[in-house]
Structures are given as structure tokens and as C-alpha cells.
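Asks: Got a structure for you, work12.cif, holding mmCIF, C-alpha atoms; chains and numbers go by the auth columns.
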data_my_file
loop_
_atom_site.group_PDB
_atom_site.id
_atom_site.type_symbol
_atom_site.label_atom_id
_atom_site.label_comp_id
_atom_site.label_asym_id
_atom_site.label_seq_id
_atom_site.Cartn_x
_atom_site.Cartn_y
_atom_site.Cartn_z
_atom_site.B_iso_or_equiv
_atom_site.auth_seq_id
_atom_site.auth_asym_id
ATOM 1 C CA MET A 1 81.430 149.765 179.713 0.00 276 A
ATOM 2 C CA LEU A 2 81.929 147.369 182.635 0.00 277 A
ATOM 3 C CA ASP A 3 85.073 145.967 181.072 0.00 278 A
ATOM 4 C CA GLY A 4 86.345 149.516 180.593 0.00 279 A
ATOM 5 C CA VAL A 5 85.760 150.339 184.260 0.00 280 A
ATOM 6 C CA LYS A 6 87.506 147.151 185.364 0.00 281 A
ATOM 7 C CA ALA A 7 90.423 147.885 183.057 0.00 282 A
ATOM 8 C CA ALA A 8 90.715 151.408 184.461 0.00 283 A
ATOM 9 C CA ASP A 9 90.582 150.085 188.029 0.00 284 A
ATOM 10 C CA TRP A 10 93.324 147.533 187.377 0.00 285 A
ATOM 11 C CA ALA A 11 95.410 150.180 185.635 0.00 286 A
ATOM 12 C CA ARG A 12 95.289 152.305 188.813 0.00 287 A
ATOM 13 C CA VAL A 13 96.219 149.278 190.934 0.00 288 A
ATOM 14 C CA ARG A 14 99.203 148.538 188.687 0.00 289 A
ATOM 15 C CA GLN A 15 100.239 152.188 188.763 0.00 290 A
ATOM 16 C CA GLY A 16 99.946 152.255 192.552 0.00 291 A
ATOM 17 C CA ALA A 17 101.992 149.070 192.847 0.00 292 A
ATOM 18 C CA ILE A 18 104.729 150.585 190.675 0.00 293 A
ATOM 19 C CA VAL A 19 104.741 153.822 192.667 0.00 294 A
ATOM 20 C CA MET A 20 104.905 152.000 195.993 0.00 295 A
ATOM 21 C CA GLY A 21 107.527 149.592 194.676 0.00 296 A
ATOM 22 C CA VAL A 22 109.702 152.593 193.863 0.00 297 A
ATOM 23 C CA VAL A 23 108.985 154.196 197.261 0.00 298 A
ATOM 24 C CA VAL A 24 109.793 151.047 199.257 0.00 299 A
ATOM 25 C CA GLY A 25 112.859 150.395 197.090 0.00 300 A
ATOM 26 C CA ALA A 26 114.068 153.941 197.761 0.00 301 A
ATOM 27 C CA LEU A 27 113.686 153.384 201.519 0.00 302 A
ATOM 28 C CA TRP A 28 115.910 150.293 201.265 0.00 303 A
ATOM 29 C CA VAL A 29 118.504 152.295 199.326 0.00 304 A
ATOM 30 C CA ILE A 30 118.402 155.029 201.990 0.00 305 A
ATOM 31 C CA GLU A 31 118.881 152.452 204.754 0.00 306 A
ATOM 32 C CA LEU A 32 121.820 150.903 202.921 0.00 307 A
ATOM 33 C CA LEU A 33 123.342 154.355 202.452 0.00 308 A
ATOM 34 C CA ASP A 34 122.840 155.084 206.161 0.00 309 A
ATOM 35 C CA ILE A 35 124.779 151.930 207.042 0.00 310 A
ATOM 36 C CA VAL A 36 127.572 152.848 204.623 0.00 311 A
ATOM 37 C CA LEU A 37 127.697 156.297 206.243 0.00 312 A
ATOM 38 C CA HIS A 38 127.881 154.748 209.747 0.00 313 A
ATOM 39 C CA HIS A 39 124.294 155.742 210.603 0.00 314 A
ATOM 40 C CA SER A 40 124.905 159.449 210.142 0.00 315 A
ATOM 41 C CA LEU A 41 121.562 159.833 208.347 0.00 316 A
ATOM 42 C CA ALA A 42 119.672 158.412 211.329 0.00 317 A
ATOM 43 C CA GLY A 43 120.632 161.537 213.236 0.00 318 A
ATOM 44 C CA LEU A 44 118.117 163.422 211.081 0.00 319 A
ATOM 45 C CA GLY A 45 115.241 161.765 212.936 0.00 320 A
ATOM 46 C CA ILE A 46 112.928 163.432 215.446 0.00 321 A
ATOM 47 C CA ARG A 47 114.571 164.602 218.656 0.00 322 A
ATOM 48 C CA PRO A 48 111.701 165.425 221.028 0.00 323 A
ATOM 49 C CA TRP A 49 111.460 168.799 222.697 0.00 324 A
ATOM 50 C CA THR A 50 114.323 170.384 220.764 0.00 325 A
ATOM 51 C CA VAL A 51 113.867 173.077 218.135 0.00 326 A
ATOM 52 C CA SER A 52 116.331 171.346 215.823 0.00 327 A
ATOM 53 C CA GLY A 53 114.427 168.101 216.363 0.00 328 A
ATOM 54 C CA LEU A 54 111.406 169.566 214.580 0.00 329 A
ATOM 55 C CA VAL A 55 113.326 169.224 211.312 0.00 330 A
ATOM 56 C CA GLY A 56 113.245 165.480 211.900 0.00 331 A
ATOM 57 C CA ILE A 57 109.487 165.472 211.202 0.00 332 A
ATOM 58 C CA ALA A 58 110.356 165.862 207.513 0.00 333 A
ATOM 59 C CA PHE A 59 112.922 163.043 207.500 0.00 334 A
ATOM 60 C CA ALA A 60 111.908 160.484 210.145 0.00 335 A
ATOM 61 C CA PRO A 61 109.589 158.373 207.914 0.00 336 A
ATOM 62 C CA LEU A 62 112.436 157.964 205.416 0.00 337 A
ATOM 63 C CA LEU A 63 114.825 156.548 208.033 0.00 338 A
ATOM 64 C CA HIS A 64 114.849 153.290 209.985 0.00 339 A
ATOM 65 C CA ALA A 65 116.771 151.644 212.803 0.00 340 A
ATOM 66 C CA GLY A 66 118.157 148.841 210.652 0.00 341 A
ATOM 67 C CA PHE A 67 116.873 146.476 207.988 0.00 342 A
ATOM 68 C CA ALA A 68 114.645 144.521 210.396 0.00 343 A
ATOM 69 C CA HIS A 69 112.787 147.713 211.276 0.00 344 A
ATOM 70 C CA LEU A 70 112.415 148.614 207.598 0.00 345 A
ATOM 71 C CA ALA A 71 111.313 145.084 206.661 0.00 346 A
ATOM 72 C CA ALA A 72 108.516 145.266 209.243 0.00 347 A
ATOM 73 C CA ASN A 73 107.208 148.438 207.591 0.00 348 A
ATOM 74 C CA SER A 74 107.749 147.482 203.947 0.00 349 A
ATOM 75 C CA LEU A 75 104.784 145.153 203.353 0.00 350 A
ATOM 76 C CA PRO A 76 102.114 147.352 204.990 0.00 351 A
ATOM 77 C CA LEU A 77 103.559 150.385 203.208 0.00 352 A
ATOM 78 C CA PHE A 78 103.308 148.618 199.863 0.00 353 A
ATOM 79 C CA VAL A 79 99.840 147.128 200.381 0.00 354 A
ATOM 80 C CA LEU A 80 98.158 150.144 201.982 0.00 355 A
ATOM 81 C CA GLY A 81 99.897 152.655 199.740 0.00 356 A
ATOM 82 C CA THR A 82 98.900 150.753 196.608 0.00 357 A
ATOM 83 C CA THR A 83 95.309 150.547 197.859 0.00 358 A
ATOM 84 C CA LEU A 84 95.122 154.285 198.519 0.00 359 A
ATOM 85 C CA TRP A 85 96.786 155.245 195.243 0.00 360 A
ATOM 86 C CA ALA A 86 94.403 153.000 193.305 0.00 361 A
ATOM 87 C CA SER A 87 91.426 154.614 195.040 0.00 362 A
ATOM 88 C CA ASP A 88 92.386 158.223 194.406 0.00 363 A
ATOM 89 C CA ARG A 89 95.746 159.967 194.121 0.00 364 A
ATOM 90 C CA ARG A 90 94.437 163.048 195.918 0.00 365 A
ATOM 91 C CA GLU A 91 93.296 160.916 198.843 0.00 366 A
ATOM 92 C CA PHE A 92 96.717 159.257 198.828 0.00 367 A
ATOM 93 C CA GLY A 93 98.385 162.666 199.070 0.00 368 A
ATOM 94 C CA VAL A 94 96.119 163.999 201.819 0.00 369 A
ATOM 95 C CA ALA A 95 96.295 160.823 203.928 0.00 370 A
ATOM 96 C CA THR A 96 100.082 160.678 203.538 0.00 371 A
ATOM 97 C CA ALA A 97 100.588 164.328 204.486 0.00 372 A
ATOM 98 C CA PHE A 98 98.371 164.164 207.571 0.00 373 A
ATOM 99 C CA GLY A 99 99.763 160.806 208.706 0.00 374 A
ATOM 100 C CA TRP A 100 103.350 162.008 208.173 0.00 375 A
ATOM 101 C CA VAL A 101 103.006 165.358 209.947 0.00 376 A
ATOM 102 C CA GLY A 102 100.602 164.113 212.627 0.00 377 A
ATOM 103 C CA SER A 103 102.950 161.278 213.524 0.00 378 A
ATOM 104 C CA GLY A 104 105.936 163.586 213.704 0.00 379 A
ATOM 105 C CA LEU A 105 104.281 166.299 215.771 0.00 380 A
ATOM 106 C CA VAL A 106 102.806 163.926 218.353 0.00 381 A
ATOM 107 C CA ALA A 107 106.096 162.013 218.598 0.00 382 A
ATOM 108 C CA TRP A 108 107.942 165.312 219.120 0.00 383 A
ATOM 109 C CA LEU A 109 105.472 166.446 221.786 0.00 384 A
ATOM 110 C CA LEU A 110 104.878 163.231 223.756 0.00 385 A
ATOM 111 C CA THR A 111 108.169 161.323 223.526 0.00 386 A
ATOM 112 C CA PRO A 112 110.499 161.970 226.478 0.00 387 A
ATOM 113 C CA PRO A 113 113.598 164.073 225.716 0.00 388 A
ATOM 114 C CA GLY A 114 116.725 162.162 224.779 0.00 389 A
ATOM 115 C CA TYR A 115 115.044 159.706 222.410 0.00 390 A
ATOM 116 C CA LEU A 116 115.433 159.529 218.637 0.00 391 A
ATOM 117 C CA VAL A 117 112.278 158.673 216.672 0.00 392 A
ATOM 118 C CA LEU A 118 112.612 157.037 213.237 0.00 393 A
ATOM 119 C CA GLY A 119 110.496 155.013 210.835 0.00 394 A
ATOM 120 C CA ALA A 120 107.560 155.043 208.434 0.00 395 A
ATOM 121 C CA SER A 121 105.156 153.279 210.781 0.00 396 A
ATOM 122 C CA GLY A 122 103.429 156.579 211.592 0.00 397 A
ATOM 123 C CA VAL A 123 102.470 156.865 207.925 0.00 398 A
ATOM 124 C CA VAL A 124 101.294 153.226 207.972 0.00 399 A
ATOM 125 C CA PHE A 125 99.058 154.023 210.948 0.00 400 A
ATOM 126 C CA GLY A 126 97.771 157.118 209.155 0.00 401 A
ATOM 127 C CA TRP A 127 96.844 155.101 206.068 0.00 402 A
ATOM 128 C CA THR A 128 95.239 152.348 208.171 0.00 403 A
ATOM 129 C CA ALA A 129 93.095 154.809 210.119 0.00 404 A
ATOM 130 C CA TYR A 130 92.201 156.696 206.943 0.00 405 A
ATOM 131 C CA LEU A 131 90.969 153.598 205.104 0.00 406 A
ATOM 132 C CA LEU A 132 88.961 152.418 208.120 0.00 407 A
ATOM 133 C CA VAL A 133 87.307 155.791 208.765 0.00 408 A
ATOM 134 C CA ARG A 134 86.755 156.537 205.065 0.00 409 A
ATOM 135 C CA GLY A 135 84.453 153.540 204.693 0.00 410 A
ATOM 136 C CA PHE A 136 82.465 154.541 207.765 0.00 411 A
ATOM 137 C CA LEU A 137 82.026 158.140 206.564 0.00 412 A
ATOM 138 C CA SER A 138 81.321 157.559 202.879 0.00 413 A
ATOM 139 C CA ARG A 139 78.986 154.546 203.244 0.00 414 A
ATOM 140 C CA ASN A 140 80.346 153.590 199.811 0.00 415 A
ATOM 141 C CA ALA A 141 80.240 149.815 199.274 0.00 416 A
ATOM 142 C CA ALA A 142 83.769 149.642 197.842 0.00 417 A
ATOM 143 C CA HIS A 143 85.174 151.801 200.636 0.00 418 A
ATOM 144 C CA LEU A 144 83.384 149.719 203.266 0.00 419 A
ATOM 145 C CA ALA A 145 84.785 146.530 201.720 0.00 420 A
ATOM 146 C CA ILE A 146 88.308 147.953 201.675 0.00 421 A
ATOM 147 C CA GLY A 147 87.902 149.148 205.258 0.00 422 A
ATOM 148 C CA LEU A 148 86.778 145.666 206.304 0.00 423 A
ATOM 149 C CA VAL A 149 89.769 144.036 204.594 0.00 424 A
ATOM 150 C CA VAL A 150 92.102 146.559 206.237 0.00 425 A
ATOM 151 C CA ALA A 151 90.465 145.924 209.617 0.00 426 A
ATOM 152 C CA VAL A 152 91.011 142.169 209.259 0.00 427 A
ATOM 153 C CA GLY A 153 94.527 142.430 207.833 0.00 428 A
ATOM 154 C CA TYR A 154 95.939 145.416 209.678 0.00 429 A
ATOM 155 C CA GLY A 155 93.428 146.382 212.359 0.00 430 A
ATOM 156 C CA SER A 156 95.576 144.801 215.054 0.00 431 A
ATOM 157 C CA LEU A 157 98.287 147.300 214.145 0.00 432 A
ATOM 158 C CA LEU A 158 96.221 149.989 215.836 0.00 433 A
ATOM 159 C CA LEU A 159 97.098 148.444 219.195 0.00 434 A
ATOM 160 C CA GLY A 160 100.452 150.112 218.556 0.00 435 A
ATOM 161 C CA VAL A 161 98.950 153.438 219.630 0.00 436 A
ATOM 162 C CA PHE A 162 99.257 152.160 223.217 0.00 437 A
ATOM 163 C CA PRO A 163 102.558 151.957 225.161 0.00 438 A
ATOM 164 C CA LEU A 164 102.672 148.150 225.115 0.00 439 A
ATOM 165 C CA LYS A 165 106.200 147.504 223.858 0.00 440 A
ATOM 166 C CA ALA A 166 109.488 149.112 224.852 0.00 441 A
ATOM 167 C CA GLY A 167 111.432 150.738 222.055 0.00 442 A
ATOM 168 C CA VAL A 168 108.359 151.299 219.869 0.00 443 A
ATOM 169 C CA SER A 169 107.113 154.842 219.307 0.00 444 A
ATOM 170 C CA TRP A 170 103.471 154.521 220.300 0.00 445 A
ATOM 171 C CA GLN A 171 103.460 158.325 220.232 0.00 446 A
ATOM 172 C CA GLY A 172 104.281 158.363 216.518 0.00 447 A
ATOM 173 C CA HIS A 173 101.707 155.642 215.874 0.00 448 A
ATOM 174 C CA LEU A 174 99.049 157.601 217.755 0.00 449 A
ATOM 175 C CA GLY A 175 99.872 160.788 215.855 0.00 450 A
ATOM 176 C CA GLY A 176 99.732 158.986 212.525 0.00 451 A
ATOM 177 C CA ALA A 177 96.343 157.457 213.353 0.00 452 A
ATOM 178 C CA ILE A 178 94.981 160.842 214.440 0.00 453 A
ATOM 179 C CA GLY A 179 96.269 162.343 211.199 0.00 454 A
ATOM 180 C CA GLY A 180 94.551 159.607 209.188 0.00 455 A
ATOM 181 C CA VAL A 181 91.222 160.202 210.939 0.00 456 A
ATOM 182 C CA VAL A 182 91.461 163.967 210.389 0.00 457 A
ATOM 183 C CA ALA A 183 92.378 163.448 206.727 0.00 458 A
ATOM 184 C CA ALA A 184 89.374 161.142 206.182 0.00 459 A
ATOM 185 C CA TRP A 185 87.035 163.643 207.798 0.00 460 A
ATOM 186 C CA LEU A 186 88.398 166.556 205.746 0.00 461 A
ATOM 187 C CA VAL A 187 88.181 164.646 202.451 0.00 462 A
ATOM 188 C CA HIS A 188 84.646 163.575 203.341 0.00 463 A
ATOM 189 C CA ARG A 189 83.664 167.158 204.203 0.00 464 A
ATOM 190 C CA SER A 190 85.078 168.373 200.902 0.00 465 A
ATOM 191 C CA GLY A 191 82.654 166.077 199.084 0.00 466 A
ATOM 192 C CA ARG A 192 85.396 164.186 197.259 0.00 467 A
ATOM 193 C CA MET A 193 84.387 160.752 198.546 0.00 468 A
ATOM 194 C CA PRO A 194 81.758 158.826 196.568 0.00 469 A
ATOM 195 C CA GLY A 195 78.508 159.057 198.498 0.00 470 A
ATOM 196 C CA ALA A 196 79.542 162.233 200.304 0.00 471 A
ATOM 197 C CA PRO A 197 77.143 165.203 200.123 0.00 472 A
ATOM 198 C CA ARG A 198 78.077 167.772 197.485 0.00 473 A
ATOM 199 C CA ARG A 199 78.266 171.430 198.380 0.00 474 A
#
Rewrite the coordinates I just gave you, this time as C-alpha cells.
Replies:
Amino acid sequence: MLDGVKAADWARVRQGAIVMGVVVGALWVIELLDIVLHHSLAGLGIRPWTVSGLVGIAFAPLLHAGFAHLAANSLPLFVLGTTLWASDRREFGVATAFGWVGSGLVAWLLTPPGYLVLGASGVVFGWTAYLLVRGFLSRNAAHLAIGLVVAVGYGSLLLGVFPLKAGVSWQGHLGGAIGGVVAAWLVHRSGRMPGAPRR
């Protein structure tokens, strides 16, 4: 039985790694296409305080300001995304949706007009916050261990919710983190987390 559980766990990890490999690979293809098209795709990002800029919430995490920007997001996307997928695909979907939309809405609301907001870092912040808060809420040993590893490996990322560096969307980071916290609370309240009370 134990070997069967371990095999199932590793199968989910492998599946998550494949899924995230495809996702990150697709982001690199999109960035290459954007360069070929003279950065015309980048214009689909979030333009704060404009009605048309709201559409950018759907596209901003798929777009980046060059390969260096994308490279900085690729490893945390792969690691955190694989971890979430391996835990539970529903949790992956909820955390992604709330991190994505939360990041976009807060960036649209709090970024000064005239800026263009791009990048998947809001989703990264959503996943980071989700994994940290999930362990605290569920009291599940595995979740707590994952949360501790995330805190050690990526906890410093959360400093990005403060306006410490010019040219970095702390607003999008903050929105993603808020989305991740809300997603963890909602999943916990639904009773889907191991250790959560059933209703």
C-alpha cells in the first residue's frame, strides 16, 4: 500500500512537471513571437485606469518585457506550479485563477496611468502565498512541510509586494499574494484540504 501511495505521488509530480514544462515553454515561444512581431503583443498588457486596459488582465501573465524578465519568472513558475499540481489539480486551478485575476485587478487599480504591466510574477506571488497559507490553515503535516520549504526558498519573494525597486510592479505582486491568500481560505472553507473540517 505504501509503495502504491508513493508511486501515485511521484506520478502526480511527474505529471505536474510535464504540464509546467509545457506552460513555461509556451511562454518562451510567446516571447520569441513578440520579438519577431516587434513587441506588438506586449501592447496587450494591463494599462491602468483605462477600460481597454482591463482586457490586459487576461493576457499580462503570458507576456514579458524581454527574455531576462521571463527567465526570472521561469524557475519559480516551474517549481511552484509543479508543487501545486502534484498536490491537487483543483487547488492548482483555484490558486492560479485567484492569483492571476487578483494580480491584474490590483495592478490596474493601483498602478499610475501611463504604465504597461506585464509578466507572470503575480501568479508566482499567488502560488507562493497560497502554499504558505495552506499549511497554516490545514495543519496537515505535508502541507506544513511544503509551506516551510516555500518559505525558505521563495519567502523572500514576498518582499516584492512593497515598492522597493523601480520598474517592478509591486502592485501586481501584492494583488497576486492577496489572491493566493483568498484562494487558500476558500479552499480550506470548502473542506477540500486534508485536515479541514467537513460540512
Asks: Between A:His448, A:Arg287, A:Lys440, A:Arg409, which is the closest to Gly466 of chain A once you count all atoms listed in the file?
Replies: A:Arg409
Asks: Mind giving me the straight-line distance from atom CA of Trp360 of chain A to atom CA of Trp383 of chain A in Å, one decimal?
Replies: 28.2 Å
Asks: Restricting the calculation to all atoms listed in the file: of A:Phe367, A:Phe437, A:Phe334, A:Trp460, which residue gets closest to Val408 of chain A?
Replies: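 Of all the options, A:Trp460 lies closest to Val408 of chain A.
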Asks: Spell out the residues picked by the PyMOL selection byres ((chain A and resi 384) around 10) here, as a PDB file with C-alpha atoms, in the frame of the given file.
Replies:
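Now in out.pdb:
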ATOM      1  CA  ARG A 322     114.571 164.602 218.656  1.00  0.00           C
ATOM      2  CA  PRO A 323     111.701 165.425 221.028  1.00  0.00           C
ATOM      3  CA  TRP A 324     111.460 168.799 222.697  1.00  0.00           C
ATOM      4  CA  THR A 325     114.323 170.384 220.764  1.00  0.00           C
ATOM      5  CA  LEU A 329     111.406 169.566 214.580  1.00  0.00           C
ATOM      6  CA  GLY A 379     105.936 163.586 213.704  1.00  0.00           C
ATOM      7  CA  LEU A 380     104.281 166.299 215.771  1.00  0.00           C
ATOM      8  CA  VAL A 381     102.806 163.926 218.353  1.00  0.00           C
ATOM      9  CA  ALA A 382     106.096 162.013 218.598  1.00  0.00           C
ATOM     10  CA  TRP A 383     107.942 165.312 219.120  1.00  0.00           C
ATOM     11  CA  LEU A 385     104.878 163.231 223.756  1.00  0.00           C
ATOM     12  CA  THR A 386     108.169 161.323 223.526  1.00  0.00           C
ATOM     13  CA  PRO A 387     110.499 161.970 226.478  1.00  0.00           C
ATOM     14  CA  PRO A 388     113.598 164.073 225.716  1.00  0.00           C
ATOM     15  CA  GLN A 446     103.460 158.325 220.232  1.00  0.00           C
ATOM     16  CA  GLY A 447     104.281 158.363 216.518  1.00  0.00           C
ATOM     17  CA  GLY A 450      99.872 160.788 215.855  1.00  0.00           C
TER      18      GLY A 450
END
Asks: Between A:Gly394, A:Val376, A:Val436, A:His463, which one has atoms that come closest to Gly410 of chain A, using only C-alpha atoms?
Replies: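 When distances to Gly410 of chain A are compared using only C-alpha atoms, the smallest one comes from A:His463.
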